[in-house]
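Trainee: Pasting a structure below so you can have a look.
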Amino acid sequence: MSSILLILQKRIVSLAVLCCLLFVAETALAQITVYSGRNRALVEPLVDRFQAETGITVRVRYGGTTQLAVAILEEGRRSPADVFWSQDAGALGALHNGDMLLALPDSLTQALPPQFRNSAGSWISTSARARVLAYNTKQISAEELPASVYDLTKPEWRGKVGWAPANASFQSFVTAMRALDGEEKTRQWLEDMRRNGAIAYNNNNSILQAIEAGEVLVGLTNHYYIDRALGSNTNYPIWFAFFDAGDSGNLINIAGMGIVAPSRRVEQATRFIHFMIQEEAQQFFRDSTFEYPVTTGLAPGYRLIEDVLELAPEIDLDLLEDLDGTLRLLRQTGLL
Amino acid sequence: MISKRTLSGLPPWYFLLPAVFVGISVLMPLVYLVIRAFDGDWSQTSELVLRQRNLILLKNTLMLTGSVVLVTTLLAFPFAWLTTRTNVPGVKLMTLLGVMPLAIPGYVLAYSLLGVGGTNGTLAQLFGIVIDRPSGFWGALLAISLYTFPYLFLNLRTGFLGLDPSVEEAARSLGYSSRQILFRVIIPQLKPSYLAGMLIISLYVIGDFGAVSLMRFETFSYALFLQYESAFDRVYAAWIALMLLALTSTILVAEYKLLKGLSFYRIGVGSARRTKITELSSWGIGLAWTYVLAVLTAAVVIPVVTILFWMAQGVDPFIWNSFGDAIRNSITASAPAALLAVFFAVPLAYISIRYPSRMSNYLQRFAYLGYATPPLALALAFIFFSLSAVPFLYQSLALLVFAYALHFLAESMGPIRSALYQAPPRIEEAARSLGVSRFRAFWLTTFPLLKSGIVAGSAFVFLSAMKELPITFILSPIGFETLAVSVWGYSAEAMFAEAAPFALSILFFSVLFVYLLFAREWKKA
């Protein structure tokens with residue numbers, strides 16, 4: 001026992017020395033560190049392509065978007081991260097408000113339609129996803145679905161709707177609703193939904209599983225899970241619909257990137273972000289992760305951003321940064 | 001039988017030093033939480049801390065904890081008794097099976113239990129039976145009880161193995177009936193190991209969020225999970241964490257009061273005799289195995305079949321690139337963590353039992369606070385302190401191992417403490433009187449008696465570290481992906497087929513490790 005511990009101790013010491021050496025070596029090499037809230041399984045092929053094309057080594061820490069954002073806030077000016085890749089606008093907003101993002105060069109901010117960056121130009125979106133109403137195709141037809149997200153509080157939907165108040169993309173949608181329809185109307189909707197027996201799940205997947213299990217009839221989720229599930233199972237009993245054009249329920253949410261303030265490799269980080277809004281990467285998002293591209297003029301393919309922008313409500317992405325107000329409202333209505 | 005026998009004076013430095021080191025390290029996250037908690041604007045904070053909902057959360061948490069303790073007691077006692085005190089065939093297999101539920105990540109078990117019911121569930125597809133999916137209080141109770149009862153089983157097993165049969169014989173010779181012996185002799189002697197198991201299960205329930213969030217039952221830790229899942233304002237999260245810690249402190253104090261002044265070693269001369277084994281009839285054996293298999297079906301077979309079912313949908317070959325690394329990473333982080341935790345737990349348990357004093361008692365309780373600190377708060381505290389004190393260690397394997405050991409230390413304390421309660425200090429004193437140094441005396445006499453405690457203790461830590469997520473996310477070296485991180489990553493994207501091989505590997509390596517530990521014990525026995 002004691003000899004094992006002795007070896008362990010030696011290991012720890014040598015590891016510590018190794019880490020010091022690595023730390024020194026690291027600054028000399030052309031490499032960047034990315035904190036990615038996006039899943040490895042989805043984006044690693046793209047990161048590999050970037051490395052092959054530029055010769056820049058990318059070290060990626062994958063994790064939950066919120067956890068990584070909080071980690072960066074906690075690390076402060078000692079953060080080893082160069083780029084933060086977020087699943088939602090709220091996390092980018094939190095870093096922006098914590099002065100942890102650099103202003104991006106015009107070459108990045110001017111490359112996109114204005115609705116896909118914040119006004120300070122400290123982060124841009126790399127792909128978009130739509131908020132939709134998912135439904136069980138075996139139990140209900142598209143014609144019976146409501147025209148507005150506000151209709152879900154009617155008696156005929158009592159106990160039939162699944163939602164995920166703790167989920168970041170749901171919260172972005174509530175933030176949008178507050179900005180578009182006002183604080184009071186949003187509060188009323190949240191309370192009516194709760195009284196109408198909306199069932200709270202912990203994330204989008206759980207909602208879809210509940211729809212599949214017949215526990216609820218419809219659910220408020222993101223669109224791409226359904227596309228992906230249909231890809232591997234053509235009998236998947238779920239499809240999705242938008243509400244009427246301009247309805248708050250049709251929010252277009254984003255995944256995006258910013259450069260972390262203490263980065264000393266701004267040039268390489270900029271190249272990384274730039275790569276993500278080039279045609280190759282945008283097509284990848286459209287075809288492989290089933291999201292919407294954020295640049296216009298892609299060759300016709302599975303899905304185009306132009307189509308969905310007509311349905312979505314118009315909203316300034318800056319407004320989606322106000323997560324605090326949404327959390328307060330969700331707590332006051334007893335949903336968090 | 002119950003005699004007070006403790007050593008006086010200060011414990012030797014080689015026990016004291018690791019213990020104090022652990023105490024200080026555990027206080028660190030606490031300091032961090034307090035700093036964060038008082039960061040905020042007071043009026044908003046008080047609104048959050050004093051709101052009515054906290055009372056509901058408290059009620060739910062206590063209700064669930066109490067019920068899980070009750071159910072796990074009913075589940076674990078037969079397991080422990082059968083594997084230590086009867087002639088049931090296949091004892092070793094039964095012991096391993098009884099530990100297996102610990103190797104299944106809680107959220108995987110919850111997922112698979114959910115998958116049994118509903119119009120599209122396993123029962124509906126196989127037999128056309130549609131039952132409601134488990135949810136709420138009952139769902140959470142079912143899932144958590146099924147994967148935590150092994151904590152109590154292994155603690156009780158240590159207790160049963162250390163029972164002194166001569167007391168039972170004495171009781172019998174005084175005309176006690178078997179029932180009286182059970183309630184007046186055996187159960188009181190099992191008290192420390194029962195309390196230790198109960199303590200760890202209570203702390204586990206209070207801190208669990210995997211099952212409660214999937215079953216949609218709102219407890220304190222669920223609220224904390226929601227907070228860390230969505231909010232960047234760390235103030236409210238710190239307050240919930242502190243409320244959780246206050247709750248666990250109450251439990252720690254209660255356990256201390258119940259344990260105070262106990263000791264259960266033999267004070268007679270001579271060596272312990274072999275425990276009397278109950279001969280089971282063939283009916284009894286059949287019944288025993290039926291029971292074990294029924295519990296195992298719910299706790300292990302259903303999740304494993306679910307995982308295999310996921311896998312059958314076709315795995316993207318892409319995952320095999322990272323498969324070997326994930327296995328290697330999981331083991332290189334979890335195995336050293338298990339050893340380090342035991343290395344800390346032995347001195348802590350030793351000084352608190354042999355040198356009971358206010359200080360040694362506090363130190364021991366601190367070990368439990370490390371377990372009660374929510375892992376994400378612990379990880380954030382490590383960022384906070386390691387970046388300012390030892391920046392070169394930040395996100396290194398060494399720091400990850402240390403964080404695991406500190407967090408899971410409490411799991412190894414129970415079995416080691418129970419074993420120590422039953423190890424008589426007299427032999428150690430005798431060895432010393434023969435001129436052996438203090439440390440050698442401990443090493444030659446007491447340490448071997450801790451064997452089954454150490455085996456169970458390191459098994460617990462290894463199994464938990466294999467499944468750990470928040471600490472791994474934040475503190476692991478960059479690119480260091482463990483099996484658990486992979487399971488989480490794929491299942492978060494609903495890529496269950498891809499998550500399956502990783503989940504199965506956690507199960508396989510956990511069982512292998514536990515088998516190796518027990519194999520040592522069985523060989524020596």
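Residues are referred to by chain and number: the chain letter is A, B, ... according to the order shown in the structure tokens, the number counts from 1 in that chain, and ligands are numbered separately from 1 in the order shown.
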For Val205 of chain B, please output as a PyMOL selection string all residues within 10 Å (counting only C-alpha atoms; exclusion window: fewer than 6 positions along the same chain).

Mentor: chain B and resi 61-62+64-66+68-69+140-141+144-145+148+199+211-212+219+221

Trainee: Would you mind exporting the chosen residues as a tab-separated table (two decimals), in the first residue's frame, restricted to C-alpha atoms?

Mentor:
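As a result, out_18.tsv now contains:
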```tsv
chain	number	residue	atom	x	y	z
B	61	THR	CA	-35.78	17.14	0.23
B	62	LEU	CA	-36.44	15.82	3.74
B	64	LEU	CA	-37.23	12.07	-0.15
B	65	THR	CA	-34.19	11.59	2.07
B	66	GLY	CA	-36.17	9.89	4.81
B	68	VAL	CA	-34.79	6.63	0.54
B	69	VAL	CA	-33.12	5.76	3.84
B	140	ALA	CA	-37.25	9.72	-7.67
B	141	LEU	CA	-37.58	7.38	-4.69
B	144	ILE	CA	-32.35	6.76	-6.11
B	145	SER	CA	-33.04	3.81	-3.80
B	148	THR	CA	-27.74	3.92	-3.57
B	199	LEU	CA	-25.19	9.11	6.45
B	211	ALA	CA	-32.54	11.42	-10.98
B	212	VAL	CA	-34.61	14.20	-9.40
B	219	THR	CA	-35.54	19.36	-4.15
B	221	SER	CA	-30.26	20.19	-5.27
```

Trainee: For a quick test of understanding: name the residues of chain B lying within 6 Å of chain A when counting only C-alpha atoms, and present them as a PDB file with all heavy atoms, in the first residue's frame.

Mentor:
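Printed below is iface.pdb as written:
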```
ATOM      1  N   GLY B 118     -45.103   4.426 -20.774  1.00  0.00           N
ATOM      2  CA  GLY B 118     -45.505   5.280 -21.881  1.00  0.00           C
ATOM      3  C   GLY B 118     -45.973   4.498 -23.095  1.00  0.00           C
ATOM      4  O   GLY B 118     -45.783   3.289 -23.179  1.00  0.00           O
ATOM      5  N   THR B 119     -46.613   5.215 -24.062  1.00  0.00           N
ATOM      6  CA  THR B 119     -47.178   4.528 -25.231  1.00  0.00           C
ATOM      7  C   THR B 119     -46.093   3.982 -26.144  1.00  0.00           C
ATOM      8  O   THR B 119     -46.348   3.137 -26.991  1.00  0.00           O
ATOM      9  CB  THR B 119     -48.037   5.502 -26.057  1.00  0.00           C
ATOM     10  OG1 THR B 119     -47.250   6.665 -26.321  1.00  0.00           O
ATOM     11  CG2 THR B 119     -49.292   5.895 -25.330  1.00  0.00           C
ATOM     12  N   ASN B 120     -44.870   4.483 -25.993  1.00  0.00           N
ATOM     13  CA  ASN B 120     -43.798   4.030 -26.855  1.00  0.00           C
ATOM     14  C   ASN B 120     -42.739   3.266 -26.072  1.00  0.00           C
ATOM     15  O   ASN B 120     -41.662   2.988 -26.561  1.00  0.00           O
ATOM     16  CB  ASN B 120     -43.174   5.254 -27.552  1.00  0.00           C
ATOM     17  CG  ASN B 120     -42.768   4.950 -28.966  1.00  0.00           C
ATOM     18  OD1 ASN B 120     -43.285   4.013 -29.560  1.00  0.00           O
ATOM     19  ND2 ASN B 120     -41.832   5.713 -29.493  1.00  0.00           N
ATOM     20  N   LEU B 226     -30.749  23.713 -11.475  1.00  0.00           N
ATOM     21  CA  LEU B 226     -31.383  24.659 -12.390  1.00  0.00           C
ATOM     22  C   LEU B 226     -30.612  25.970 -12.406  1.00  0.00           C
ATOM     23  O   LEU B 226     -30.437  26.607 -13.436  1.00  0.00           O
ATOM     24  CB  LEU B 226     -32.833  24.934 -11.974  1.00  0.00           C
ATOM     25  CG  LEU B 226     -33.803  23.770 -12.064  1.00  0.00           C
ATOM     26  CD1 LEU B 226     -35.208  24.235 -11.717  1.00  0.00           C
ATOM     27  CD2 LEU B 226     -33.781  23.177 -13.465  1.00  0.00           C
ATOM     28  N   SER B 230     -28.635  27.508 -15.643  1.00  0.00           N
ATOM     29  CA  SER B 230     -29.136  28.638 -16.408  1.00  0.00           C
ATOM     30  C   SER B 230     -28.553  29.982 -16.001  1.00  0.00           C
ATOM     31  O   SER B 230     -28.494  30.883 -16.804  1.00  0.00           O
ATOM     32  CB  SER B 230     -30.659  28.695 -16.280  1.00  0.00           C
ATOM     33  OG  SER B 230     -31.012  28.697 -14.922  1.00  0.00           O
ATOM     34  N   PHE B 392       0.210  26.742 -12.152  1.00  0.00           N
ATOM     35  CA  PHE B 392       0.731  25.708 -13.056  1.00  0.00           C
ATOM     36  C   PHE B 392      -0.008  24.383 -12.884  1.00  0.00           C
ATOM     37  O   PHE B 392       0.076  23.507 -13.713  1.00  0.00           O
ATOM     38  CB  PHE B 392       2.226  25.503 -12.845  1.00  0.00           C
ATOM     39  CG  PHE B 392       2.590  25.196 -11.414  1.00  0.00           C
ATOM     40  CD1 PHE B 392       2.679  23.875 -10.987  1.00  0.00           C
ATOM     41  CD2 PHE B 392       2.805  26.216 -10.507  1.00  0.00           C
ATOM     42  CE1 PHE B 392       2.989  23.585  -9.669  1.00  0.00           C
ATOM     43  CE2 PHE B 392       3.100  25.919  -9.183  1.00  0.00           C
ATOM     44  CZ  PHE B 392       3.192  24.619  -8.775  1.00  0.00           C
ATOM     45  N   ALA B 398      -3.174  16.038 -11.822  1.00  0.00           N
ATOM     46  CA  ALA B 398      -2.938  15.974 -10.376  1.00  0.00           C
ATOM     47  C   ALA B 398      -4.045  16.702  -9.614  1.00  0.00           C
ATOM     48  O   ALA B 398      -4.568  16.198  -8.617  1.00  0.00           O
ATOM     49  CB  ALA B 398      -1.582  16.592 -10.056  1.00  0.00           C
ATOM     50  N   PHE B 473     -15.631  18.243 -15.972  1.00  0.00           N
ATOM     51  CA  PHE B 473     -15.791  19.263 -17.014  1.00  0.00           C
ATOM     52  C   PHE B 473     -14.799  20.394 -16.840  1.00  0.00           C
ATOM     53  O   PHE B 473     -14.172  20.845 -17.773  1.00  0.00           O
ATOM     54  CB  PHE B 473     -17.179  19.904 -16.920  1.00  0.00           C
ATOM     55  CG  PHE B 473     -18.250  19.133 -17.625  1.00  0.00           C
ATOM     56  CD1 PHE B 473     -19.526  19.070 -17.098  1.00  0.00           C
ATOM     57  CD2 PHE B 473     -17.986  18.506 -18.813  1.00  0.00           C
ATOM     58  CE1 PHE B 473     -20.519  18.371 -17.736  1.00  0.00           C
ATOM     59  CE2 PHE B 473     -18.974  17.803 -19.468  1.00  0.00           C
ATOM     60  CZ  PHE B 473     -20.246  17.731 -18.923  1.00  0.00           C
ATOM     61  N   ILE B 478      -7.148  19.899 -20.672  1.00  0.00           N
ATOM     62  CA  ILE B 478      -7.893  20.124 -21.914  1.00  0.00           C
ATOM     63  C   ILE B 478      -7.810  18.905 -22.824  1.00  0.00           C
ATOM     64  O   ILE B 478      -6.752  18.303 -22.976  1.00  0.00           O
ATOM     65  CB  ILE B 478      -7.363  21.380 -22.625  1.00  0.00           C
ATOM     66  CG1 ILE B 478      -7.823  22.605 -21.833  1.00  0.00           C
ATOM     67  CG2 ILE B 478      -7.854  21.445 -24.064  1.00  0.00           C
ATOM     68  CD1 ILE B 478      -7.633  23.904 -22.519  1.00  0.00           C
ATOM     69  N   GLY B 479      -8.931  18.527 -23.389  1.00  0.00           N
ATOM     70  CA  GLY B 479      -8.976  17.389 -24.291  1.00  0.00           C
ATOM     71  C   GLY B 479      -9.069  16.056 -23.558  1.00  0.00           C
ATOM     72  O   GLY B 479      -9.109  15.004 -24.172  1.00  0.00           O
TER      73      GLY B 479
END
```

Trainee: Near Ala341 of chain B, within 9 Å and counting only C-alpha atoms, which residues show up once chain neighbours fewer than 5 positions away are dropped, as a compact mmCIF listing (two decimals) with N, CA and C atoms, in the first residue's frame?

Mentor:
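Result saved to selection20.txt:
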```txt
# COMPACT_ATOMS: atom_id res chain seq x y z
N PRO B 336 -6.18 6.55 -9.05
CA PRO B 336 -5.39 7.31 -8.08
C PRO B 336 -6.28 8.05 -7.08
N VAL B 346 -7.88 7.07 6.23
CA VAL B 346 -7.37 6.27 7.34
C VAL B 346 -6.91 7.16 8.51
N PHE B 402 -6.90 15.16 -7.05
CA PHE B 402 -7.04 15.72 -5.71
C PHE B 402 -8.48 16.16 -5.44
N TYR B 404 -11.23 15.05 -6.90
CA TYR B 404 -12.03 13.84 -6.74
C TYR B 404 -11.88 13.29 -5.32
N ALA B 405 -10.61 13.13 -4.90
CA ALA B 405 -10.35 12.50 -3.61
C ALA B 405 -10.99 13.30 -2.49
N LEU B 406 -10.88 14.60 -2.58
CA LEU B 406 -11.44 15.46 -1.54
C LEU B 406 -12.96 15.36 -1.51
N HIS B 407 -13.55 15.33 -2.69
CA HIS B 407 -15.00 15.29 -2.75
C HIS B 407 -15.56 13.95 -2.29
N PHE B 408 -14.92 12.86 -2.72
CA PHE B 408 -15.48 11.53 -2.44
C PHE B 408 -14.92 10.87 -1.19
N LEU B 409 -13.99 11.56 -0.53
CA LEU B 409 -13.37 11.05 0.69
C LEU B 409 -14.40 10.48 1.66
N ALA B 410 -15.50 11.18 1.84
CA ALA B 410 -16.50 10.78 2.83
C ALA B 410 -17.04 9.38 2.55
N GLU B 411 -17.11 9.02 1.24
CA GLU B 411 -17.64 7.69 0.93
C GLU B 411 -16.74 6.60 1.49
N SER B 412 -15.43 6.86 1.54
CA SER B 412 -14.53 5.84 2.04
C SER B 412 -14.42 5.88 3.56
N MET B 413 -14.85 6.98 4.17
CA MET B 413 -14.74 7.10 5.63
C MET B 413 -15.57 6.05 6.35
N GLY B 457 -14.13 1.09 0.90
CA GLY B 457 -13.94 2.54 0.78
C GLY B 457 -13.37 2.93 -0.57
N SER B 458 -12.33 2.23 -1.02
CA SER B 458 -11.75 2.63 -2.30
C SER B 458 -12.68 2.25 -3.45
N VAL B 461 -15.11 5.14 -3.88
CA VAL B 461 -14.54 6.34 -4.51
C VAL B 461 -14.31 6.10 -5.99
```

Trainee: Which residues are near Pro29 of chain B? Cut-off 8 Å, only C-alpha atoms, ignore same chain within fewer than 3 positions. Put them as an NGL selection string.

Mentor: :B and (25-26 or 32-33 or 373 or 377-378 or 381-382)

Trainee: Pick out the residues sitting within 9 Å of Phe153 of chain B, and hand them over as a PDB file with C-alpha atoms, in the first residue's frame; count only C-alpha atoms, and ignore anything fewer than 2 positions along from it in its own chain.

Mentor:
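Output file part.pdb is given in full below:
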```pdb
ATOM      1  CA  THR B  72     -32.458   1.251   1.099  1.00  0.00           C
ATOM      2  CA  THR B  73     -32.444  -0.221   4.601  1.00  0.00           C
ATOM      3  CA  LEU B  75     -33.054  -3.487   0.341  1.00  0.00           C
ATOM      4  CA  ALA B  76     -29.573  -3.661   1.842  1.00  0.00           C
ATOM      5  CA  PHE B  77     -30.064  -5.683   5.037  1.00  0.00           C
ATOM      6  CA  PRO B  78     -30.944  -8.964   3.308  1.00  0.00           C
ATOM      7  CA  PHE B  79     -27.996  -8.545   0.937  1.00  0.00           C
ATOM      8  CA  ALA B  80     -25.530  -7.958   3.764  1.00  0.00           C
ATOM      9  CA  GLY B  98     -24.962  -6.188  -4.885  1.00  0.00           C
ATOM     10  CA  VAL B  99     -22.344  -3.561  -5.746  1.00  0.00           C
ATOM     11  CA  PHE B 149     -28.570   0.814  -1.539  1.00  0.00           C
ATOM     12  CA  PRO B 150     -25.097  -0.682  -2.258  1.00  0.00           C
ATOM     13  CA  TYR B 151     -23.594   2.071  -0.071  1.00  0.00           C
ATOM     14  CA  ASN B 155     -21.096  -0.652   5.021  1.00  0.00           C
ATOM     15  CA  LEU B 156     -23.249  -3.299   6.684  1.00  0.00           C
ATOM     16  CA  ARG B 157     -21.121  -6.027   5.172  1.00  0.00           C
ATOM     17  CA  THR B 158     -18.070  -4.525   6.859  1.00  0.00           C
ATOM     18  CA  TYR B 194     -25.533   1.308   9.626  1.00  0.00           C
ATOM     19  CA  GLY B 197     -24.163   3.954   5.349  1.00  0.00           C
TER      20      GLY B 197
END
```

Trainee: So that I can check the surroundings of Leu516 of chain B, please list as number ranges by chain every protein, DNA and RNA residue that reaches within 12 Å of it, counting only C-alpha atoms and ignoring chain neighbours fewer than 2 positions away.

Mentor: B: 92, 96, 455-456, 458-459, 509-514, 518-523

Trainee: Restricting the output to all heavy atoms, write the selected residues as a compact mmCIF listing (two decimals), in the first residue's frame.

Mentor:
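And here's again29.txt as it stands now:
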```txt
# COMPACT_ATOMS: atom_id res chain seq x y z
N LYS B 92 -19.78 -14.92 -3.52
CA LYS B 92 -18.94 -13.91 -4.16
C LYS B 92 -19.71 -13.21 -5.28
O LYS B 92 -19.68 -12.00 -5.42
CB LYS B 92 -17.68 -14.56 -4.72
CG LYS B 92 -16.78 -15.07 -3.61
CD LYS B 92 -15.58 -15.80 -4.14
CE LYS B 92 -14.77 -16.34 -2.96
NZ LYS B 92 -13.62 -17.12 -3.41
N LEU B 96 -20.73 -9.21 -5.59
CA LEU B 96 -20.47 -8.35 -6.76
C LEU B 96 -21.76 -7.78 -7.33
O LEU B 96 -21.83 -6.60 -7.66
CB LEU B 96 -19.75 -9.14 -7.84
CG LEU B 96 -18.24 -9.26 -7.72
CD1 LEU B 96 -17.69 -10.07 -8.88
CD2 LEU B 96 -17.61 -7.88 -7.68
N VAL B 455 -11.06 -1.82 1.36
CA VAL B 455 -11.55 -2.34 0.09
C VAL B 455 -12.87 -1.67 -0.28
O VAL B 455 -13.02 -1.12 -1.38
CB VAL B 455 -11.74 -3.87 0.17
CG1 VAL B 455 -12.59 -4.38 -0.98
CG2 VAL B 455 -10.39 -4.56 0.16
N ALA B 456 -13.81 -1.66 0.65
CA ALA B 456 -15.11 -1.06 0.35
C ALA B 456 -14.96 0.44 0.09
O ALA B 456 -15.55 0.99 -0.84
CB ALA B 456 -16.08 -1.31 1.50
N SER B 458 -12.33 2.23 -1.02
CA SER B 458 -11.75 2.63 -2.30
C SER B 458 -12.68 2.25 -3.45
O SER B 458 -12.70 2.94 -4.46
CB SER B 458 -10.33 2.08 -2.49
OG SER B 458 -10.23 0.79 -1.98
N ALA B 459 -13.43 1.17 -3.27
CA ALA B 459 -14.40 0.81 -4.32
C ALA B 459 -15.41 1.94 -4.50
O ALA B 459 -15.70 2.36 -5.62
CB ALA B 459 -15.12 -0.49 -3.97
N PHE B 509 -15.68 -1.59 -16.39
CA PHE B 509 -14.46 -1.32 -15.63
C PHE B 509 -14.75 -1.15 -14.14
O PHE B 509 -13.92 -1.48 -13.30
CB PHE B 509 -13.71 -0.12 -16.21
CG PHE B 509 -13.03 -0.47 -17.50
CD1 PHE B 509 -13.58 -0.11 -18.71
CD2 PHE B 509 -11.87 -1.22 -17.50
CE1 PHE B 509 -12.98 -0.47 -19.90
CE2 PHE B 509 -11.25 -1.58 -18.68
CZ PHE B 509 -11.81 -1.21 -19.89
N SER B 510 -15.93 -0.65 -13.81
CA SER B 510 -16.29 -0.53 -12.41
C SER B 510 -16.38 -1.91 -11.77
O SER B 510 -15.81 -2.16 -10.70
CB SER B 510 -17.62 0.18 -12.25
OG SER B 510 -17.56 1.45 -12.84
N VAL B 511 -17.08 -2.81 -12.44
CA VAL B 511 -17.24 -4.14 -11.88
C VAL B 511 -15.88 -4.85 -11.81
O VAL B 511 -15.56 -5.51 -10.82
CB VAL B 511 -18.25 -4.96 -12.71
CG1 VAL B 511 -18.29 -6.40 -12.24
CG2 VAL B 511 -19.63 -4.34 -12.59
N LEU B 512 -15.06 -4.65 -12.84
CA LEU B 512 -13.73 -5.26 -12.84
C LEU B 512 -12.92 -4.77 -11.64
O LEU B 512 -12.31 -5.56 -10.92
CB LEU B 512 -13.01 -4.91 -14.15
CG LEU B 512 -11.64 -5.55 -14.33
CD1 LEU B 512 -11.81 -7.04 -14.59
CD2 LEU B 512 -10.88 -4.91 -15.49
N PHE B 513 -12.93 -3.48 -11.42
CA PHE B 513 -12.15 -2.89 -10.32
C PHE B 513 -12.65 -3.44 -8.98
O PHE B 513 -11.86 -3.84 -8.13
CB PHE B 513 -12.27 -1.37 -10.36
CG PHE B 513 -11.41 -0.65 -9.35
CD1 PHE B 513 -10.07 -0.43 -9.59
CD2 PHE B 513 -11.96 -0.20 -8.16
CE1 PHE B 513 -9.28 0.23 -8.66
CE2 PHE B 513 -11.17 0.47 -7.22
CZ PHE B 513 -9.84 0.68 -7.48
N VAL B 514 -13.95 -3.45 -8.81
CA VAL B 514 -14.51 -3.95 -7.56
C VAL B 514 -14.16 -5.43 -7.38
O VAL B 514 -13.79 -5.87 -6.30
CB VAL B 514 -16.05 -3.76 -7.53
CG1 VAL B 514 -16.66 -4.43 -6.31
CG2 VAL B 514 -16.38 -2.28 -7.53
N PHE B 518 -12.11 -7.11 -4.23
CA PHE B 518 -12.64 -8.19 -3.41
C PHE B 518 -11.81 -9.46 -3.55
O PHE B 518 -11.66 -10.22 -2.60
CB PHE B 518 -14.11 -8.48 -3.77
CG PHE B 518 -15.05 -7.50 -3.17
CD1 PHE B 518 -15.85 -6.70 -3.96
CD2 PHE B 518 -15.13 -7.37 -1.79
CE1 PHE B 518 -16.71 -5.78 -3.39
CE2 PHE B 518 -16.01 -6.46 -1.23
CZ PHE B 518 -16.79 -5.66 -2.03
N ALA B 519 -11.25 -9.67 -4.76
CA ALA B 519 -10.43 -10.86 -4.97
C ALA B 519 -9.26 -10.87 -3.99
O ALA B 519 -8.91 -11.91 -3.45
CB ALA B 519 -9.94 -10.89 -6.41
N ARG B 520 -8.70 -9.70 -3.75
CA ARG B 520 -7.61 -9.61 -2.76
C ARG B 520 -8.10 -10.02 -1.39
O ARG B 520 -7.46 -10.77 -0.67
CB ARG B 520 -7.09 -8.17 -2.70
CG ARG B 520 -6.07 -7.83 -3.74
CD ARG B 520 -5.64 -6.38 -3.55
NE ARG B 520 -4.84 -6.22 -2.33
CZ ARG B 520 -3.53 -6.37 -2.31
NH1 ARG B 520 -2.88 -6.69 -3.40
NH2 ARG B 520 -2.86 -6.21 -1.19
N GLU B 521 -9.28 -9.48 -1.07
CA GLU B 521 -9.82 -9.77 0.26
C GLU B 521 -10.12 -11.26 0.40
O GLU B 521 -9.81 -11.88 1.41
CB GLU B 521 -11.11 -8.96 0.47
CG GLU B 521 -11.65 -9.06 1.88
CD GLU B 521 -13.06 -8.47 1.98
OE1 GLU B 521 -13.24 -7.33 1.52
OE2 GLU B 521 -13.94 -9.15 2.52
N TRP B 522 -10.72 -11.83 -0.64
CA TRP B 522 -11.10 -13.24 -0.57
C TRP B 522 -9.87 -14.14 -0.50
O TRP B 522 -9.88 -15.17 0.15
CB TRP B 522 -11.96 -13.61 -1.78
CG TRP B 522 -13.35 -13.07 -1.66
CD1 TRP B 522 -14.08 -12.97 -0.51
CD2 TRP B 522 -14.18 -12.54 -2.69
NE1 TRP B 522 -15.30 -12.42 -0.77
CE2 TRP B 522 -15.40 -12.15 -2.10
CE3 TRP B 522 -14.00 -12.37 -4.07
CZ2 TRP B 522 -16.44 -11.60 -2.84
CZ3 TRP B 522 -15.04 -11.83 -4.79
CH2 TRP B 522 -16.25 -11.44 -4.18
N LYS B 523 -8.81 -13.73 -1.22
CA LYS B 523 -7.60 -14.55 -1.24
C LYS B 523 -6.99 -14.61 0.15
O LYS B 523 -6.54 -15.64 0.62
CB LYS B 523 -6.60 -13.97 -2.25
CG LYS B 523 -5.81 -15.05 -2.98
CD LYS B 523 -5.04 -14.48 -4.14
CE LYS B 523 -3.70 -13.97 -3.69
NZ LYS B 523 -3.01 -13.24 -4.76
```

Trainee: Would you mind listing what lies within 10 Å of Phe496 of chain B as a list in words, with only C-alpha atoms counted and same-chain residues fewer than 6 positions away left out?

Mentor: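 So, after excluding close chain neighbours, the residues are Thr306, Ile307, Phe309, Trp310, Met311, Gln313, Gly314, Val315, Val487, Trp488, Gly489, Tyr490 and Ala503 of chain B.
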
Trainee: Could you dump the residues just selected with C-alpha atoms as a short mmCIF file (atom, residue, chain, number, x, y, z; two decimals), in the first residue's frame?

Mentor:
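Full text of selection.cif as output:
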```
data_model
loop_
_atom_site.label_atom_id
_atom_site.label_comp_id
_atom_site.auth_asym_id
_atom_site.auth_seq_id
_atom_site.Cartn_x
_atom_site.Cartn_y
_atom_site.Cartn_z
CA THR B 306 -31.86 -0.22 -22.41
CA ILE B 307 -28.24 0.58 -23.21
CA PHE B 309 -31.21 -1.41 -27.17
CA TRP B 310 -29.72 2.03 -27.86
CA MET B 311 -26.60 0.41 -29.23
CA GLN B 313 -29.83 1.29 -33.39
CA GLY B 314 -26.38 1.56 -34.94
CA VAL B 315 -23.33 3.31 -33.58
CA VAL B 487 -21.95 9.46 -22.10
CA TRP B 488 -23.22 12.86 -21.07
CA GLY B 489 -22.09 14.53 -24.29
CA TYR B 490 -23.79 12.06 -26.61
CA ALA B 503 -21.91 3.67 -20.58
#
```
